[in-house]
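See below for the structure under consideration.
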Amino acid sequence: MKGGGNDTNANSIVLRLDYGDFSMLFMGDAESQTEERLLGKKDLDLKAKVIKMAHHGSKYATSENFMKRVQPEAAIISDGGWNRYGHPAQSVLDRLKAVNAKVWRTDLQGEVTITTKGKGDSGKLYEIKTAKETKEDIWIGRDAMKDDSSHSGFIAYGDFGPPPKAKPPTTKTQKH
């Protein structure tokens, strides 16, 4: 895809998993232009019980129209505990709240594990567990220090850039 955003992200693989009655949508790093392409395919089943959010909860993904079509019960946001891009964006969390999705975040809760047998077992179709509990509010987004779009100079080497150069050792001389 061409025309705005980060072209690599626009071409991200999107995967839908169907296992019995369970469905999950894995959005990779897709941005809004990819979502628009998917929405344009009227016969494409996008509704899913769980969604792994696109682009770490970036403001450049997860449009209102896309969330209305997916109608997730649960949303997983995989993002770093400290990232300069403001993941997840408050606007994304607000859209998830608007569709009544329950949210899990790796920045606050660590590893997220989803288990299912593909059918309801004692009334539960799937179970989501986290590595830790959080005392922080799941619904509060992060402030961005850097834009995560190629429009503003996307960093290709990760959130922190290259490691700092080591300083040469200093020696102390003793005066008598």
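Going through the structure tokens in order, the chains are called A, B, and so on, while each chain numbers its residues from 1 and the ligands are numbered from 1 in the order shown.
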> So which residues touch stretch 51-63 of chain A within 7 Å, counting only C-alpha atoms, skipping near sequence neighbours fewer than 3 positions away, as JSON, numbers by chain?
Replying inline: {"A": [24, 25, 26, 27, 28, 29, 30, 31, 32, 48, 66, 67, 72, 74, 75, 76, 77, 78, 79, 87, 88, 89, 91, 92]}
Please produce a file of the residues just selected, as a CSV table (one decimal), in the first residue's frame, where the atoms kept are C-alpha atoms.
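Just written: result.csv:
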chain,number,residue,atom,x,y,z
A,24,MET,CA,-9.4,-13.7,17.5
A,25,LEU,CA,-8.1,-11.0,15.2
A,26,PHE,CA,-4.4,-10.3,15.2
A,27,MET,CA,-3.8,-6.9,13.7
A,28,GLY,CA,0.0,-6.7,13.6
A,29,ASP,CA,1.2,-3.1,13.1
A,30,ALA,CA,-1.7,-2.2,10.7
A,31,GLU,CA,-2.8,1.4,10.5
A,32,SER,CA,-6.0,3.0,9.6
A,48,ALA,CA,-14.1,-11.4,16.8
A,66,PHE,CA,-13.4,-0.7,12.6
A,67,MET,CA,-14.2,-1.3,16.2
A,72,PRO,CA,-14.6,-7.4,20.4
A,74,ALA,CA,-11.7,-8.3,24.8
A,75,ALA,CA,-8.8,-6.3,23.6
A,76,ILE,CA,-5.1,-7.1,24.2
A,77,ILE,CA,-2.6,-4.2,23.8
A,78,SER,CA,1.0,-5.3,23.6
A,79,ASP,CA,3.2,-2.3,24.4
A,87,HIS,CA,1.1,3.7,23.3
A,88,PRO,CA,-1.6,3.1,24.0
A,89,ALA,CA,-3.2,6.4,22.9
A,91,SER,CA,-8.3,7.9,21.8
A,92,VAL,CA,-7.9,4.2,21.2
> Per DSSP on the backbone, what are the helix (DSSP H, G or I) residues of stretch 23-102 of chain A, as a PyMOL selection string?
Replying inline: chain A and resi 32-39+54-57+64-70+90-98
> So which residues touch A:Thr134 within 12 Å, counting only C-alpha atoms, skipping near sequence neighbours fewer than 3 positions away, as a VMD selection string?
Replying inline: chain A and resid 104 to 110 130 to 131 137 to 139
Can I get the selection written as a PDB file, in the first residue's frame, with C-alpha atoms?
ATOM      1  CA  TRP A 104      -5.569  -6.072  28.971  1.00  0.00           C
ATOM      2  CA  ARG A 105      -2.248  -4.240  28.621  1.00  0.00           C
ATOM      3  CA  THR A 106       1.226  -5.737  28.702  1.00  0.00           C
ATOM      4  CA  ASP A 107       2.742  -2.437  29.871  1.00  0.00           C
ATOM      5  CA  LEU A 108       0.724  -2.673  33.087  1.00  0.00           C
ATOM      6  CA  GLN A 109       0.009  -6.402  33.464  1.00  0.00           C
ATOM      7  CA  GLY A 110       2.955  -8.150  31.836  1.00  0.00           C
ATOM      8  CA  THR A 130      -1.943 -11.876  33.143  1.00  0.00           C
ATOM      9  CA  ALA A 131       1.485 -12.206  34.724  1.00  0.00           C
ATOM     10  CA  ASP A 137      -5.998   2.533  35.661  1.00  0.00           C
ATOM     11  CA  ILE A 138      -6.235   0.426  32.473  1.00  0.00           C
ATOM     12  CA  TRP A 139      -8.252   3.197  30.805  1.00  0.00           C
TER      13      TRP A 139
END
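Between A:Asp43 and the candidates A:Ser23, A:Arg95, A:Arg84, A:Arg69, the tightest atom-to-atom separation, counting only C-alpha atoms, involves A:Arg69.
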